[in-house]
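Structure first, then comments.
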Amino acid sequence: MGYAEVAVNSPIAQRRTFSYSIPPALSLTIGQAVWVPFGSKTLQGVVLELTDHTAIEETRDIAGLIDPTPILSPVQVQLACWISEYYLAPLFDAVALMLPPGFQRKLVTSLRLSSEGFAPENGPFAPAEQQLLNILRKEGRVPLKVAEKTLGIKATRLALSHLLRKGLVTRSEVLEKVRVKPRFLPHLNLAVEVQVAQEAATKLTRRAPKQAAVLKLLASQPPPIPAEEVKRQTHCTPATIKALVNQGLIRIEQVQIQRDPLLHYSYAPALAHIMTAAQEAALNQVRALLKQPAKGGAKVFLLHGVTGSGKTEVYLRALAEAITLGKRGLVLVPEIALTPQTIERFAGRFPQRVAVLHSRLSLGERFDVWQQIREGAFDVVIGPRSAIFAPQPDLGLIVLDEEHEWTYKQQETPPHYHTREVALKLSGLSGAVVVLGSATPDVESCYRAQTGKYRLLQLPERITPDEESSLPKVEIVDMRQELKAGNRSIFSRSLSKAIAATLVAREQIILFLNRRGTATLVQCRDCGLALKCRRCDLPLTYHASEQKLICHQCNQKKPVPAYCPDCRSGGSSSWASALRE
C-alpha cells in the first residue's frame, strides 16, 4: 500500500502534512489536488510526497481527485515547502501562492429544516425563530451568513440555538460554490455539407427567409461562428436557430473563450536598439550563463545601471537568447502601475508571446491566463511580485526590475515573503538565471555582489550622454555643519540660494517631503545629535498632534526629552522651540 503526505486546506493544519493511504484504484503523482477526509469534513489538499510507509498507525483513504492533472510542478512543491519552513508560514498558505486563481474553496455553514421542522405542533415560536423557519421553508438550504444578514447576528444565533435544541433545524458544513470556471459560448456550425446547406437555403428563401439567411452565413464563413454574431448579422431569433437544429441542418457547439486582458490592445513591433559596449559586455555574461547546464545553486547577476543606461534592452536581449535556447522568462516589476509601460516594451519585441498576471485582473482573466501559462502558451510573463509563482514551464530567466523597491516584500497578508529571496530559491531549484536590475541597488544586494555571491554587471553611463539627457547634479548637505555655521533654518544655505534664484527666474519649485509626522527627526542644535530608537537605530519622528517621538519601524513612543541626552544642553524651552521652528 502506498501513502501520500498531503497539505490540507485547514487553518489548524499549520506547518505540517498529513498522512493518507492511497486507494488501489487511485493513481497519484506529486503536485496533484485531492479531496481528503479531515475530522468530520472533506477538504481540499495537495499531495507533496509519496511514500511506501508511514509512522501513523491508522490512516484514512484519500477521498478522490480534484483534477487528474498535477496542479503543481515538482519545483513548485519544493518551493512551497521552502517558503513554509523559511518564513514560518502555514504549509497550505505557501502552497496556495501557486494554485490556480479561484481554486481555494472554504467551508460554509449552512442551515436547513429537519423533517420535524415542518410540523406546526412544534410551536409556538418567537418572532425571530418563526422568521428563520419561514426563510428555510422558502429557500431550502441557506448559508448561515445569509440568515445573519437578514435577521441580524445576535437574533439569528439565539433563534438557531433554540431550533437546534428542539431538533427542528440541522446545521452542516459544505464547500462554497466554485468561484470561476472556463468560459464557454455557444457557436453555430453546419451539420451538413456546404452544398447541401446552400440548396436548403434556396428552398427556405420564401417560407423561412431568416433560416435561409442563417444557412447562407454559415456556408460563407469559416465555422464555427458565435451565436450572438449570427443573430446580429441575420436578425434571427432563438426559435429560428432551434428550427434549423431540429431539421439537422446546423448544430450548436460550446466553444471555450479565452478571457485575455490584452485582447483589445495592439502593440507596434519594435526593433532592437544598437547596444553600447557596456550593454554588450553585460549581455555576453548573461548569455554565457544561460547556455550552461542547470546545476545546484542560484545563478544571479546584479545589473547596476544608472537611469537611462539601457537596462531594459539587456533584459530584452537576454530574454530573446533564453527563448532561442527553448526556455521562457519571468519579468517582475515593483508595482502594477508600471506593468502597462513594461508590457508595451516587451510585447513590441515579442508579439503575441507576452502574458500579464496581476491582482487587478478579473478572476476569470487570471484563471484563463494562468491556465495558458501552464500550457506553455507564452514565452514571457510580466507582473508584480505574485507573478514569481506563475506556472511558467521551462523557466530559463527571471528579471527583477528595480530590485531595491520595498514593494517586493509581501507584508499585507501571510505568508510574508521577499520576492528576491523567492527568486533566488527558484533559481536554485530550476536552474534559471536571475537578473536583478537597479540604479540604486539594495545594500544587501551590493554586499552580495562584492563578496562574490552575485555577479556584478555595470552600466555606468547613459546611452546618449548629452547635456539634455545627463543625470541631474545632486548635492548632499550635512545639516550639522549648517548648525555650526550659524544656520538655524530647516533649509541649507545652498538650497535657500537655489530657491531664491529660481523664483527670480520666475520658475517653479517642488519640495518633496517623503515623511509622516511633523518633523522627520529631532536634532540637538548644539552637538547635532539626532534622537534615535534604541531598538531599531532609526531616527524618531516628531508628531505634534501627540507631542511624542515615534519610531515608524517598531511603533515605540516616547516624550520629547527636556535636555539633550548627549551634551545635556538646551532645557525644555529651547528644545521645544527647535521643534516649533
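Note on naming: chains are A, B, ... as they come in the C-alpha cells, residues start from 1 per chain, ligands start from 1 in the order shown.
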
Exercise. Compile the contact shell of Ala159 of chain A as a PyMOL selection string: residues with an atom at most 12 Å away, counting only C-alpha atoms, same-chain residues fewer than 3 positions apart removed.
Key: chain A and resi 125-133+147-148+151-156+162-166+168-169

Quiz item: Out of segment 317-512 of chain A, which residues get alpha helix (DSSP H) from DSSP, as a VMD selection string?
Solution: chain A and resid 317 to 324 339 to 349 363 to 374 419 to 430 443 to 450 479 to 484 493 to 504

Practice problem: Do a neighbour search on His235 of chain A at 8 Å with only C-alpha atoms, toss out local chain neighbours closer than 4 positions, and write the hits as number ranges by chain. | Solution: A: 210, 230-231

Practice problem: Quick one: everything within 10 Å of segment 101-116 of chain A, counting only C-alpha atoms, minus sequence neighbours fewer than 4 positions away in the same chain. Send it as a ChimeraX atom specification. | Solution: /A:9-10,33,41-45,96-97,120-122,132-137,139-147,160,163-164,166-181,359,362-371

Practice problem: Mind the document's chain letters and residue numbers, and return as a VMD selection string the residues of segment 294-391 of chain A that DSSP labels strand (DSSP E or B). | Solution: chain A and resid 299 to 305 328 to 332 354 to 356 380 to 383

For the residues in the current selection, export C-alpha atoms as a tab-separated table (two decimals), in the first residue's frame.
```tsv
chain	number	residue	atom	x	y	z
A	299	LYS	CA	22.77	31.88	-10.81
A	300	VAL	CA	22.39	35.59	-10.10
A	301	PHE	CA	23.51	38.84	-11.73
A	302	LEU	CA	23.23	42.30	-10.21
A	303	LEU	CA	22.82	44.74	-13.11
A	304	HIS	CA	23.82	48.11	-11.66
A	305	GLY	CA	22.99	50.73	-14.26
A	328	ARG	CA	10.95	31.02	-21.08
A	329	GLY	CA	11.13	34.02	-18.78
A	330	LEU	CA	9.51	35.95	-15.93
A	331	VAL	CA	9.77	39.75	-15.73
A	332	LEU	CA	8.83	41.28	-12.37
A	354	VAL	CA	3.64	38.03	-23.65
A	355	ALA	CA	1.20	37.44	-20.78
A	356	VAL	CA	0.35	39.75	-17.91
A	380	VAL	CA	7.32	35.95	-21.28
A	381	VAL	CA	5.15	36.57	-18.20
A	382	ILE	CA	5.07	40.10	-16.75
A	383	GLY	CA	3.67	41.12	-13.39
```

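Across A:Pro68, A:Pro472, A:Gly437, A:Gly308, the tightest approach to Leu457 of chain A is made by A:Gly437 when counting only C-alpha atoms.
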
Non-local contacts of Ala519 of chain A (8 Å; only C-alpha atoms; under 3 positions in same chain excluded) as a PDB file with N, CA and C atoms, in the first residue's frame:
```pdb
ATOM      1  N   ARG A 516       6.086  61.036   7.315  1.00  0.00           N
ATOM      2  CA  ARG A 516       4.917  61.146   8.160  1.00  0.00           C
ATOM      3  C   ARG A 516       5.334  61.911   9.398  1.00  0.00           C
ATOM      4  N   VAL A 522      14.476  64.851  15.271  1.00  0.00           N
ATOM      5  CA  VAL A 522      14.688  65.892  16.271  1.00  0.00           C
ATOM      6  C   VAL A 522      16.175  65.912  16.582  1.00  0.00           C
ATOM      7  N   THR A 541      10.515  60.131  14.733  1.00  0.00           N
ATOM      8  CA  THR A 541       9.738  61.178  14.064  1.00  0.00           C
ATOM      9  C   THR A 541       8.882  61.907  15.095  1.00  0.00           C
ATOM     10  N   TYR A 542       8.875  63.239  15.007  1.00  0.00           N
ATOM     11  CA  TYR A 542       8.088  64.042  15.942  1.00  0.00           C
ATOM     12  C   TYR A 542       6.687  64.249  15.382  1.00  0.00           C
ATOM     13  N   HIS A 543       5.658  63.876  16.199  1.00  0.00           N
ATOM     14  CA  HIS A 543       4.255  64.081  15.842  1.00  0.00           C
ATOM     15  C   HIS A 543       3.688  65.138  16.781  1.00  0.00           C
ATOM     16  N   LEU A 579      11.717  72.418  17.868  1.00  0.00           N
ATOM     17  CA  LEU A 579      10.683  71.639  17.192  1.00  0.00           C
ATOM     18  C   LEU A 579       9.686  72.549  16.496  1.00  0.00           C
TER      19      LEU A 579
END
```

Practice problem: Mind giving me the straight-line distance from atom CA of Thr520 of chain A to atom CA of Ser496 of chain A in Å, one decimal? | Solution: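 One can read the atom CA of Thr520 of chain A to atom CA of Ser496 of chain A distance as 19.4 Å.
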
Quiz item: Using only C-alpha atoms, which residues sit within 9 Å of Pro334 of chain A once same-chain residues fewer than 3 positions away are excluded, as a ChimeraX atom specification?
Solution: /A:337-339,383-385,400-408

Quiz item: So what do you get for atom CA of Cys536 of chain A versus atom CA of Ile550 of chain A, distance-wise?
Solution: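 According to the coordinates, atom CA of Cys536 of chain A and atom CA of Ile550 of chain A are separated by 11.6 Å.
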
Contacts between segment 264-282 of chain A and segment 460-524 of chain A, please, where a residue of segment 460-524 of chain A counts if it comes within 9 Å (with only C-alpha atoms); show its shortest atom pair and distance in Å to one decimal, rows by chain and ascending number, as JSON lines.
```
{"residue": "A:Pro460", "atom": "CA", "partner": "A:Ala278", "partner_atom": "CA", "distance": 8.0}
{"residue": "A:Glu461", "atom": "CA", "partner": "A:Ala278", "partner_atom": "CA", "distance": 8.6}
{"residue": "A:Ile463", "atom": "CA", "partner": "A:Thr276", "partner_atom": "CA", "distance": 7.1}
```

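Using only C-alpha atoms, the smallest distance between any of A:Ile83, A:Leu190, A:Ala544, A:Cys524 and Ser569 of chain A comes from A:Cys524.
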
Exercise. To one decimal in Å, tell me the separation between atom CA of Leu511 of chain A and atom CA of Asn487 of chain A.
Key: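 Pair atom CA of Leu511 of chain A / atom CA of Asn487 of chain A returns 19.2 Å.
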
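Distances here use only C-alpha atoms; by that measure, the residue among A:Ile476, A:Cys446, A:Tyr454, A:Arg525 closest to Ser489 of chain A is A:Arg525.
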
Practice problem: Counting only C-alpha atoms, figure out which residue out of A:Asn284, A:Ser21, A:Ser494, A:Thr202 gets nearest to Asp61 of chain A. | Solution: A:Ser21
